[in-house]
file start-v8.csv (CSV, C-alpha atoms)
chain,number,residue,atom,x,y,z
H,5,MET,CA,106.6,2.8,144.1
H,6,PRO,CA,109.7,4.9,144.6
H,7,GLY,CA,112.6,2.7,143.6
H,8,PRO,CA,115.5,2.7,143.1
H,9,PHE,CA,115.1,1.3,139.6
H,10,PRO,CA,118.1,0.3,137.6
H,11,TYR,CA,119.0,2.1,134.4
H,12,SER,CA,118.6,0.3,131.1
H,13,ILE,CA,120.6,0.2,127.9
H,14,ILE,CA,118.7,1.7,125.0
H,15,PRO,CA,119.6,0.7,121.5
H,16,PRO,CA,120.8,2.1,119.2
H,17,TYR,CA,122.6,4.5,121.5
H,18,ASP,CA,123.9,1.8,123.9
H,19,CYS,CA,124.0,4.2,126.8
H,20,PRO,CA,122.3,3.8,130.2
H,21,ALA,CA,119.0,5.7,130.7
H,22,PRO,CA,116.3,5.8,133.3
H,23,VAL,CA,113.6,3.6,131.7
H,24,CYS,CA,110.4,2.3,133.2
H,25,SER,CA,107.2,0.6,132.0
H,26,VAL,CA,104.1,2.8,131.4
H,27,GLN,CA,100.5,2.1,130.6
H,28,ILE,CA,98.6,4.3,128.1
H,29,SER,CA,94.9,4.0,127.9
H,30,TYR,CA,92.4,5.5,125.5
H,31,SER,CA,88.7,4.7,125.1
H,32,ASN,CA,88.6,0.9,125.7
H,33,LEU,CA,92.1,0.3,124.6
H,34,SER,CA,95.3,0.0,126.7
H,35,THR,CA,98.9,-0.7,126.0
H,36,ASN,CA,102.1,-1.1,128.0
H,37,CYS,CA,105.4,0.2,126.7
H,38,ASP,CA,108.8,1.4,127.8
H,39,ALA,CA,109.4,5.1,128.6
H,40,ILE,CA,112.5,7.2,129.2
H,41,ILE,CA,112.4,9.7,132.1
H,42,ASP,CA,113.4,12.8,130.2
H,43,SER,CA,113.9,16.0,132.3
H,44,GLY,CA,114.7,17.9,129.1
H,45,ALA,CA,111.2,17.4,127.6
H,46,ASP,CA,108.6,20.1,128.4
H,47,MET,CA,105.8,17.6,128.1
H,48,THR,CA,105.3,13.9,127.7
H,49,CYS,CA,105.7,12.6,124.2
H,50,ILE,CA,104.5,9.4,122.6
H,51,PRO,CA,105.7,7.7,119.4
H,52,GLU,CA,103.5,7.9,116.3
H,53,ARG,CA,103.0,4.1,116.3
H,54,ILE,CA,101.0,4.4,119.5
H,55,VAL,CA,98.8,7.0,117.9
H,56,LYS,CA,98.2,4.7,115.0
H,57,ASP,CA,97.8,1.5,117.1
H,58,MET,CA,95.3,3.1,119.4
H,59,ALA,CA,93.5,5.3,116.8
H,60,LEU,CA,93.9,8.4,119.0
H,61,LEU,CA,91.9,11.5,118.0
H,62,GLN,CA,94.0,14.7,117.6
H,63,ILE,CA,92.7,17.5,119.8
H,64,MET,CA,95.3,20.2,119.2
H,65,GLU,CA,98.8,21.0,117.7
H,66,PHE,CA,102.1,22.0,119.4
H,67,GLU,CA,105.2,23.5,118.0
H,68,VAL,CA,108.1,21.4,119.2
H,69,GLY,CA,111.9,21.6,118.5
H,70,GLY,CA,114.3,19.4,120.4
H,71,ALA,CA,112.4,16.1,120.0
H,72,ASN,CA,112.6,16.5,116.2
H,73,ASP,CA,116.2,17.2,115.5
H,74,GLY,CA,116.0,20.8,116.8
H,75,THR,CA,114.0,22.1,113.8
H,76,PRO,CA,110.7,23.5,115.0
H,77,GLN,CA,107.8,21.4,113.7
H,78,THR,CA,104.1,21.4,114.3
H,79,ARG,CA,103.1,18.1,115.9
H,80,PRO,CA,99.6,16.7,116.9
H,81,GLY,CA,98.4,16.6,120.5
H,82,TYR,CA,96.2,14.0,122.1
H,83,VAL,CA,94.5,13.2,125.4
H,84,ILE,CA,95.3,9.8,127.1
H,85,ASP,CA,95.2,8.2,130.5
H,86,PHE,CA,98.7,7.6,131.7
H,87,GLU,CA,100.2,5.5,134.5
H,88,PHE,CA,103.8,4.9,135.5
H,89,LEU,CA,105.3,3.4,138.6
H,90,GLY,CA,101.9,3.4,140.3
H,91,PHE,CA,101.2,7.1,139.6
H,92,THR,CA,98.1,7.8,137.5
H,93,PHE,CA,97.6,10.9,135.3
H,94,PRO,CA,94.0,10.8,133.8
H,95,ALA,CA,93.3,13.0,130.8
H,96,LEU,CA,97.0,13.8,130.2
H,97,ILE,CA,97.7,16.0,127.1
H,98,VAL,CA,100.7,14.5,125.1
H,99,VAL,CA,102.4,15.3,121.8
H,100,SER,CA,103.4,12.7,119.2
H,101,ILE,CA,106.9,12.5,117.9
H,102,GLN,CA,108.3,10.7,115.0
H,103,GLY,CA,111.6,9.1,114.2
H,104,LEU,CA,113.5,10.0,117.4
H,105,THR,CA,112.7,7.0,119.5
H,106,ASP,CA,110.2,4.2,119.9
H,107,HIS,CA,110.0,5.0,123.6
H,108,VAL,CA,107.6,7.3,125.4
H,109,LEU,CA,109.3,10.3,126.8
H,110,ILE,CA,108.1,11.2,130.3
H,111,GLY,CA,108.4,15.0,130.4
H,112,ARG,CA,108.4,17.7,133.1
H,113,ASP,CA,104.6,18.0,132.9
H,114,ILE,CA,104.6,14.8,135.0
H,115,LEU,CA,108.1,14.9,136.6
H,116,ASN,CA,107.3,18.3,138.2
H,117,HIS,CA,104.7,16.6,140.4
H,118,HIS,CA,107.4,14.3,141.9
H,119,ILE,CA,110.8,14.3,143.4
H,120,VAL,CA,113.0,12.4,140.9
H,121,THR,CA,116.5,11.4,141.7
H,122,LEU,CA,118.7,10.2,138.7
H,123,ASP,CA,121.9,8.3,139.6
H,124,ALA,CA,123.4,6.1,136.9
H,125,ASN,CA,125.2,4.0,139.5
H,126,LEU,CA,122.4,3.5,142.0
H,127,GLY,CA,119.4,3.8,139.7
H,128,PHE,CA,116.5,6.3,139.8
H,129,THR,CA,113.8,7.0,142.3
H,130,VAL,CA,110.5,8.8,142.0
H,131,LEU,CA,108.6,10.0,145.0
call {"tool": "encode", "arguments": {"input": "start-v8.csv", "output": "structure tokens"}}
result
Amino acid sequence: MPGPFPYSIIPPYDCPAPVCSVQISYSNLSTNCDAIIDSGADMTCIPERIVKDMALLQIMEFEVGGANDGTPQTRPGYVIDFEFLGFTFPALIVVSIQGLTDHVLIGRDILNHHIVTLDANLGFTVL
């Protein structure tokens, strides 16, 4: 499903952003939520509420900076099954973030597998 998909306004920032729906699965659980296509994120990030809601098991730790106000922090990592716009990523390693956003951030670990065009006027496409 390549698009174009319109940008959405994300509170509290009230600026347009490339947002799409994603599905996260773990064990026998699945949830749908909004995600921001974030070419500045090295890897895909999920909010802590998803970790708690799905009772994800931590498998590793990552040191992250930008997603947590620039100050390096050690954050937990998890393995999930991930789907967006018809593309499936089984056993994807993600990191949880806190406080920045309630959206999933789709990072370059996924985006580098696709051709992504970002255009605030025409929308975004993913091939």
call {"tool": "closest_residue", "arguments": {"input": "start-v8.csv", "among": "H:Val23, H:Ala124, H:Leu60, H:Ile13", "to": "H:Asp42", "atoms": "only C-alpha atoms"}}
result
H:Val23
call {"tool": "closest_residue", "arguments": {"input": "start-v8.csv", "among": "H:Leu131, H:Cys19, H:Met47, H:Ile54", "to": "H:Ile110", "atoms": "only C-alpha atoms"}}
result
H:Met47
call {"tool": "closest_residue", "arguments": {"input": "start-v8.csv", "among": "H:His107, H:Ser100, H:Pro10, H:Phe66", "to": "H:Asn36", "atoms": "only C-alpha atoms"}}
result
H:His107
call {"tool": "atom_distance", "arguments": {"input": "start-v8.csv", "atom1": "atom CA of H:Ile50", "atom2": "atom CA of H:Val108"}}
result
4.7 Å
call {"tool": "atom_distance", "arguments": {"input": "start-v8.csv", "atom1": "atom CA of H:Tyr30", "atom2": "atom CA of H:Asp85"}}
result
6.3 Å
call {"tool": "atom_distance", "arguments": {"input": "start-v8.csv", "atom1": "atom CA of H:Val98", "atom2": "atom CA of H:Ala21"}}
result
21.1 Å
call {"tool": "residues_around", "arguments": {"input": "start-v8.csv", "residues": "H:Ala39", "least_positions_apart": "2", "cutoff": "12 Å", "atoms": "only C-alpha atoms", "output": "ChimeraX atom specification"}}
result
/H:11-12,14,21-28,36-37,41-42,48-51,86-89,105-111
call {"tool": "closest_residue", "arguments": {"input": "start-v8.csv", "among": "H:Asp113, H:Asp18, H:Asp123, H:Asp57", "to": "H:Ile97", "atoms": "all atoms listed in the file"}}
result
H:Asp113
call {"tool": "residues_around", "arguments": {"input": "start-v8.csv", "residues": "H:Pro8", "least_positions_apart": "6", "cutoff": "8 Å", "atoms": "all atoms listed in the file", "output": "list in words"}}
result
Leu126, Gly127, Phe128, Thr129 and Val130 of chain H
call {"tool": "write_last_selection", "arguments": {"input": "start-v8.csv", "atoms": "C-alpha atoms", "output": "JSON list (two decimals), keeping the file's coordinate frame"}}
result
[["chain", "number", "residue", "atom", "x", "y", "z"],
["H", 126, "LEU", "CA", 122.40, 3.50, 142.00],
["H", 127, "GLY", "CA", 119.40, 3.80, 139.70],
["H", 128, "PHE", "CA", 116.50, 6.30, 139.80],
["H", 129, "THR", "CA", 113.80, 7.00, 142.30],
["H", 130, "VAL", "CA", 110.50, 8.80, 142.00]]
call {"tool": "closest_residue", "arguments": {"input": "start-v8.csv", "among": "H:Pro6, H:Gly90, H:Gly70, H:Gly103", "to": "H:Asp46", "atoms": "all atoms listed in the file"}}
result
H:Gly70
call {"tool": "closest_residue", "arguments": {"input": "start-v8.csv", "among": "H:Pro94, H:Arg112, H:Val68, H:Val99", "to": "H:Gly81", "atoms": "all atoms listed in the file"}}
result
H:Val99
